[in-house]
>>> print(open('coords-v7.cif').read())   # mmCIF, C-alpha atoms
data_upload
#
loop_
_atom_site.label_atom_id
_atom_site.label_comp_id
_atom_site.auth_asym_id
_atom_site.auth_seq_id
_atom_site.Cartn_x
_atom_site.Cartn_y
_atom_site.Cartn_z
CA MET A 246 20.66 -15.66 -13.24
CA LYS A 247 17.98 -13.49 -14.81
CA LYS A 248 15.68 -11.61 -12.42
CA ARG A 249 11.98 -12.33 -12.82
CA LYS A 250 9.76 -9.40 -13.56
CA LYS A 251 7.18 -8.53 -10.92
CA LEU A 252 3.73 -7.07 -11.42
CA LEU A 253 1.34 -5.49 -8.92
CA ILE A 254 -2.34 -5.34 -9.90
CA VAL A 255 -4.65 -3.35 -7.62
CA ASP A 256 -8.45 -3.59 -7.71
CA GLY A 257 -8.96 0.18 -7.34
CA TYR A 258 -12.49 0.65 -6.08
CA ASN A 259 -12.37 -2.56 -4.04
CA VAL A 260 -9.31 -1.34 -2.14
CA LEU A 261 -10.80 2.14 -1.67
CA ARG A 262 -13.99 0.68 -0.24
CA SER A 263 -12.44 -2.16 1.80
CA GLY A 264 -9.16 -0.75 3.09
CA SER A 265 -9.20 1.03 6.45
CA ARG A 266 -6.52 3.43 5.22
CA TYR A 267 -8.96 4.96 2.74
CA SER A 268 -12.14 4.85 4.84
CA ARG A 269 -10.63 7.57 7.04
CA ILE A 270 -10.58 9.98 4.12
CA ALA A 271 -13.68 12.15 3.81
CA LEU A 272 -14.53 10.78 0.40
CA PRO A 273 -16.41 12.78 -2.15
CA ASP A 274 -18.67 10.75 -4.38
CA TYR A 275 -16.51 8.64 -6.71
CA THR A 276 -18.08 10.37 -9.71
CA ASP A 277 -16.90 13.87 -8.77
CA ASP A 278 -13.67 13.82 -10.76
CA TYR A 279 -10.88 11.56 -11.92
CA TYR A 280 -8.31 12.73 -9.40
CA ASN A 281 -10.28 12.81 -6.18
CA VAL A 282 -8.54 12.55 -2.83
CA ALA A 283 -8.94 8.81 -2.31
CA ARG A 284 -7.77 7.78 -5.78
CA GLU A 285 -4.82 10.12 -5.55
CA ARG A 286 -3.85 8.65 -2.18
CA LEU A 287 -4.16 5.12 -3.56
CA MET A 288 -2.05 6.04 -6.57
CA ASN A 289 0.69 7.50 -4.34
CA ASP A 290 0.56 4.43 -2.11
CA VAL A 291 0.92 2.10 -5.09
CA ILE A 292 3.85 4.14 -6.42
CA ASN A 293 5.58 3.86 -3.04
CA TYR A 294 4.77 0.18 -2.59
CA ALA A 295 5.89 -0.87 -6.06
CA GLY A 296 9.01 1.26 -6.01
CA ALA A 297 11.52 0.34 -8.67
CA THR A 298 11.01 -3.40 -8.25
CA MET A 299 7.51 -3.84 -9.65
CA GLU A 300 5.42 -2.75 -12.56
CA ALA A 301 2.07 -1.55 -11.16
CA ILE A 302 -1.46 -1.32 -12.52
CA ILE A 303 -4.55 0.07 -10.78
CA VAL A 304 -7.78 -1.20 -12.37
CA TYR A 305 -11.11 0.60 -12.03
CA ASP A 306 -14.56 -0.36 -13.30
CA ALA A 307 -15.75 1.23 -16.54
CA GLY A 308 -16.00 4.94 -16.05
CA GLU A 309 -18.47 5.70 -18.82
CA ARG A 310 -21.31 4.57 -16.65
CA LEU A 311 -19.95 6.65 -13.78
CA GLY A 312 -19.54 9.77 -15.91
CA ILE A 313 -15.82 10.16 -15.23
CA HIS A 314 -12.70 10.44 -17.35
CA THR A 315 -11.87 6.93 -18.61
CA GLU A 316 -8.71 7.14 -20.65
CA ASN A 317 -6.01 4.81 -19.46
CA ALA A 318 -3.05 6.76 -18.11
CA ASN A 319 0.46 6.25 -16.81
CA ILE A 320 1.16 8.36 -13.73
CA GLY A 321 4.39 8.08 -11.79
CA GLY A 322 5.11 4.73 -13.43
CA VAL A 323 1.72 3.31 -12.45
CA ARG A 324 -0.74 2.39 -15.18
CA ILE A 325 -4.31 3.44 -14.45
CA MET A 326 -6.74 1.26 -16.40
CA PHE A 327 -10.50 1.27 -16.75
CA SER A 328 -12.45 -1.78 -17.84
CA GLN A 329 -14.35 -1.43 -21.08
CA SER A 330 -17.95 -0.35 -20.89
CA GLY A 331 -20.11 -3.33 -20.01
CA ARG A 332 -17.19 -5.28 -18.51
CA SER A 333 -16.06 -5.32 -14.92
CA ALA A 334 -12.70 -4.48 -13.40
CA ASP A 335 -12.71 -8.07 -12.10
CA GLN A 336 -12.68 -9.41 -15.65
CA LEU A 337 -9.81 -7.10 -16.61
CA ILE A 338 -7.85 -8.13 -13.50
CA GLU A 339 -8.38 -11.80 -14.33
CA LYS A 340 -7.20 -11.20 -17.92
CA LEU A 341 -4.11 -9.24 -16.81
CA SER A 342 -3.29 -11.97 -14.28
CA HIS A 343 -3.71 -14.72 -16.84
CA ASP A 344 -1.51 -12.89 -19.35
CA ALA A 345 1.17 -12.32 -16.68
CA ARG A 346 1.08 -16.01 -15.72
CA GLU A 347 1.53 -16.97 -19.38
CA ARG A 348 4.60 -14.70 -19.63
CA GLY A 349 6.05 -16.07 -16.37
CA VAL A 350 5.70 -12.77 -14.55
CA GLU A 351 5.48 -12.98 -10.76
CA THR A 352 2.25 -11.16 -9.91
CA LEU A 353 0.53 -9.88 -6.78
CA VAL A 354 -3.18 -9.01 -6.99
CA VAL A 355 -4.56 -6.74 -4.28
CA THR A 356 -8.30 -7.19 -3.77
CA SER A 357 -10.73 -8.30 -1.09
CA ASP A 358 -13.05 -9.79 -3.70
CA ALA A 359 -13.01 -13.52 -2.85
CA THR A 360 -14.07 -14.56 -6.35
CA VAL A 361 -11.20 -12.66 -7.96
CA GLN A 362 -8.76 -14.01 -5.37
CA ASP A 363 -9.86 -17.58 -6.04
CA THR A 364 -9.77 -17.11 -9.81
CA VAL A 365 -6.29 -15.60 -10.05
CA PHE A 366 -4.44 -17.46 -7.26
CA GLY A 367 -1.73 -19.93 -8.20
CA GLY A 368 0.86 -20.40 -10.91
CA GLY A 369 2.94 -17.39 -9.89
CA ILE A 370 -0.03 -15.23 -8.94
CA ASP A 371 -0.25 -14.23 -5.28
CA ARG A 372 -3.04 -12.32 -3.61
CA MET A 373 -3.34 -9.81 -0.80
CA SER A 374 -6.49 -8.38 0.75
CA ALA A 375 -7.20 -4.66 0.72
CA GLU A 376 -6.70 -4.53 4.48
CA GLY A 377 -3.45 -6.52 4.23
CA PHE A 378 -2.23 -3.96 1.70
CA CYS A 379 -3.17 -1.10 4.08
CA GLN A 380 -1.32 -2.78 6.95
CA GLU A 381 1.75 -3.37 4.78
CA LEU A 382 1.77 0.31 3.78
CA SER A 383 1.59 1.30 7.46
CA ARG A 384 4.54 -0.99 8.27
CA MET A 385 6.53 0.54 5.41
CA GLU A 386 5.77 4.06 6.67
CA ASP A 387 6.77 3.11 10.24
CA ALA A 388 10.05 1.63 8.99
CA ARG A 389 10.77 4.75 6.91
CA ARG A 390 10.04 7.02 9.90
CA GLU A 391 12.28 4.92 12.13
CA LYS A 392 15.06 5.12 9.56
CA GLU A 393 14.68 8.90 9.23
CA HIS A 394 14.39 9.49 12.99
CA PRO A 395 15.96 6.55 14.79
CA HIS A 396 15.28 6.16 18.49
CA ILE A 397 18.62 6.48 20.21
CA SER A 398 18.72 4.85 23.59
CA LYS A 399 20.31 6.82 26.40
CA LYS A 400 22.38 4.95 28.90
CA SER A 401 20.62 5.14 32.23
CA THR A 402 22.32 4.60 35.55
CA VAL A 403 20.91 4.06 39.03
CA ALA A 404 21.94 7.61 39.91
CA ASP A 405 19.70 8.89 37.10
CA ARG A 406 16.68 7.14 38.59
CA ILE A 407 16.92 8.04 42.27
CA PRO A 408 16.15 11.39 43.89
CA SER A 409 19.13 13.79 43.86
CA GLU A 410 19.31 14.13 47.66
CA ILE A 411 19.69 10.35 48.05
CA ALA A 412 22.37 10.31 45.33
CA GLN A 413 24.26 13.06 47.23
CA ARG A 414 24.12 11.06 50.49
CA LEU A 415 25.37 7.95 48.73
CA ARG A 416 28.27 9.91 47.17
CA ALA A 417 29.10 11.33 50.60
CA LEU A 418 29.15 7.81 52.10
CA ARG A 419 31.30 6.55 49.24
CA ASP A 420 33.81 9.39 49.54
CA ALA A 421 33.99 9.28 53.38
#
>>> encode(input="coords-v7.cif", output="structure tokens")
Amino acid sequence: MKKRKKLLIVDGYNVLRSGSRYSRIALPDYTDDYYNVARERLMNDVINYAGATMEAIIVYDAGERLGIHTENANIGGVRIMFSQSGRSADQLIEKLSHDARERGVETLVVTSDATVQDTVFGGGIDRMSAEGFCQELSRMEDARREKEHPHISKKSTVADRIPSEIAQRLRALRDA
């Protein structure tokens, strides 16, 4: 049986503005430079989330009007795309989703934009909110930490939990 391809499409600025994971970052203005702290964190998160099982795309609104670098790029296996000038990231996300549906590619769109969610949902296209994505990333990090540093339970006896002088008296009674 042939495995279906999977695609992850992330509404970049929507996730940065709506996800609690990114609101904790002291954000510079989005126009400062292409690789600011928040976008870099999102890119790393998408790389980790997608892993080897998904193709991933982060879509941002047209950068020309923001005065930032707007060439599409591929970083760590994640495509960074900017909508064309005069078009929105939402339109590009809808087009990418439609094209994926036509090719039979299982797709997950991450956005908190209700209009985009309603437009793309169905026919092999799933949706996840920005906050849901942040929570899923936190669960993945917790699982990884637990795997790296598992909590090993120590067997505890009654003698471990009572004062030592009482334990000595009980031993003396037992051995008498």
>>> atom_distance(input="coords-v7.cif", atom1="CA of Met385 in chain A", atom2="CA of Val282 in chain A")
21.0 Å
>>> atom_distance(input="coords-v7.cif", atom1="CA of Met299 in chain A", atom2="CA of Cys379 in chain A")
17.6 Å
>>> closest_atom_pairs(input="coords-v7.cif", of="range 280-334 of chain A", to="range 249-254 of chain A", cutoff="7 Å", atoms="all atoms listed in the file", output="CSV")
residue,atom,partner,partner_atom,distance
A:Thr298,CA,A:Lys251,CA,6.9
A:Met299,CA,A:Lys251,CA,4.9
A:Glu300,CA,A:Leu252,CA,4.8
A:Ala301,CA,A:Leu253,CA,4.6
A:Ile302,CA,A:Ile254,CA,4.9
A:Ile303,CA,A:Ile254,CA,5.9
>>> closest_residue(input="coords-v7.cif", among="A:Ala375, A:Ile397, A:Ile370, A:Leu415", to="Gly264 in chain A", atoms="only C-alpha atoms")
A:Ala375
>>> closest_residue(input="coords-v7.cif", among="A:Ile411, A:Ser268, A:Arg348, A:Asp256", to="Met326 in chain A", atoms="only C-alpha atoms")
A:Asp256
>>> residues_around(input="coords-v7.cif", residues="Ser374 in chain A", least_positions_apart="2", cutoff="6 Å", atoms="all atoms listed in the file", output="list in words")
Val355, Thr356, Ser357, Glu376 and Gly377 of chain A
>>> closest_residue(input="coords-v7.cif", among="A:Ala307, A:Ala318, A:Asp387, A:Glu393", to="Arg332 in chain A", atoms="only C-alpha atoms")
A:Ala307
>>> resolve_selection(input="coords-v7.cif", expression="the PyMOL selection byres ((chain A and resi 337-340) around 9)", output="MDAnalysis selection string")
chainID A and resid 254:256 304 306 326:329 332:336 341:345 354 361 364:365
>>> closest_residue(input="coords-v7.cif", among="A:Asn293, A:Ser383, A:Gln362, A:Asn317", to="Arg266 in chain A", atoms="all atoms listed in the file")
A:Ser383
>>> closest_residue(input="coords-v7.cif", among="A:Glu285, A:Glu381, A:Glu386, A:Asp371", to="Leu353 in chain A", atoms="only C-alpha atoms")
A:Asp371
>>> build_atoms(input="coords-v7.cif", residues="range 386-399 of chain A", atoms="N, CA, C and O atoms", output="PDB file, keeping the file's coordinate frame")
ATOM      1  N   GLU A 386       5.658   2.684   6.183  1.00  0.00           N
ATOM      2  CA  GLU A 386       5.770   4.060   6.670  1.00  0.00           C
ATOM      3  C   GLU A 386       6.467   4.104   8.030  1.00  0.00           C
ATOM      4  O   GLU A 386       7.304   4.974   8.276  1.00  0.00           O
ATOM      5  N   ASP A 387       6.121   3.168   8.920  1.00  0.00           N
ATOM      6  CA  ASP A 387       6.770   3.110  10.240  1.00  0.00           C
ATOM      7  C   ASP A 387       8.263   2.860  10.092  1.00  0.00           C
ATOM      8  O   ASP A 387       9.076   3.494  10.771  1.00  0.00           O
ATOM      9  N   ALA A 388       8.638   1.948   9.206  1.00  0.00           N
ATOM     10  CA  ALA A 388      10.050   1.630   8.990  1.00  0.00           C
ATOM     11  C   ALA A 388      10.793   2.843   8.420  1.00  0.00           C
ATOM     12  O   ALA A 388      11.929   3.137   8.825  1.00  0.00           O
ATOM     13  N   ARG A 389      10.152   3.558   7.494  1.00  0.00           N
ATOM     14  CA  ARG A 389      10.770   4.750   6.910  1.00  0.00           C
ATOM     15  C   ARG A 389      10.961   5.831   7.977  1.00  0.00           C
ATOM     16  O   ARG A 389      12.016   6.456   8.071  1.00  0.00           O
ATOM     17  N   ARG A 390       9.930   6.028   8.824  1.00  0.00           N
ATOM     18  CA  ARG A 390      10.040   7.020   9.900  1.00  0.00           C
ATOM     19  C   ARG A 390      11.150   6.650  10.872  1.00  0.00           C
ATOM     20  O   ARG A 390      11.913   7.505  11.302  1.00  0.00           O
ATOM     21  N   GLU A 391      11.234   5.386  11.206  1.00  0.00           N
ATOM     22  CA  GLU A 391      12.280   4.920  12.130  1.00  0.00           C
ATOM     23  C   GLU A 391      13.659   5.134  11.527  1.00  0.00           C
ATOM     24  O   GLU A 391      14.595   5.510  12.225  1.00  0.00           O
ATOM     25  N   LYS A 392      13.777   4.916  10.232  1.00  0.00           N
ATOM     26  CA  LYS A 392      15.060   5.120   9.560  1.00  0.00           C
ATOM     27  C   LYS A 392      15.430   6.601   9.525  1.00  0.00           C
ATOM     28  O   LYS A 392      16.584   6.965   9.709  1.00  0.00           O
ATOM     29  N   GLU A 393      14.430   7.462   9.291  1.00  0.00           N
ATOM     30  CA  GLU A 393      14.680   8.900   9.230  1.00  0.00           C
ATOM     31  C   GLU A 393      14.939   9.498  10.612  1.00  0.00           C
ATOM     32  O   GLU A 393      15.716  10.435  10.750  1.00  0.00           O
ATOM     33  N   HIS A 394      14.264   8.978  11.623  1.00  0.00           N
ATOM     34  CA  HIS A 394      14.390   9.490  12.990  1.00  0.00           C
ATOM     35  C   HIS A 394      14.578   8.318  13.950  1.00  0.00           C
ATOM     36  O   HIS A 394      13.656   7.972  14.693  1.00  0.00           O
ATOM     37  N   PRO A 395      15.760   7.717  13.939  1.00  0.00           N
ATOM     38  CA  PRO A 395      15.960   6.550  14.790  1.00  0.00           C
ATOM     39  C   PRO A 395      15.884   6.909  16.275  1.00  0.00           C
ATOM     40  O   PRO A 395      16.255   8.012  16.679  1.00  0.00           O
ATOM     41  N   HIS A 396      15.366   5.993  17.035  1.00  0.00           N
ATOM     42  CA  HIS A 396      15.280   6.160  18.490  1.00  0.00           C
ATOM     43  C   HIS A 396      16.628   5.775  19.067  1.00  0.00           C
ATOM     44  O   HIS A 396      17.063   4.632  18.944  1.00  0.00           O
ATOM     45  N   ILE A 397      17.313   6.737  19.650  1.00  0.00           N
ATOM     46  CA  ILE A 397      18.620   6.480  20.210  1.00  0.00           C
ATOM     47  C   ILE A 397      18.453   6.303  21.713  1.00  0.00           C
ATOM     48  O   ILE A 397      17.970   7.193  22.414  1.00  0.00           O
ATOM     49  N   SER A 398      18.853   5.147  22.172  1.00  0.00           N
ATOM     50  CA  SER A 398      18.720   4.850  23.590  1.00  0.00           C
ATOM     51  C   SER A 398      19.790   5.609  24.374  1.00  0.00           C
ATOM     52  O   SER A 398      20.939   5.710  23.952  1.00  0.00           O
ATOM     53  N   LYS A 399      19.390   6.125  25.517  1.00  0.00           N
ATOM     54  CA  LYS A 399      20.310   6.820  26.400  1.00  0.00           C
ATOM     55  C   LYS A 399      20.668   5.869  27.528  1.00  0.00           C
ATOM     56  O   LYS A 399      19.795   5.210  28.094  1.00  0.00           O
TER      57      LYS A 399
END
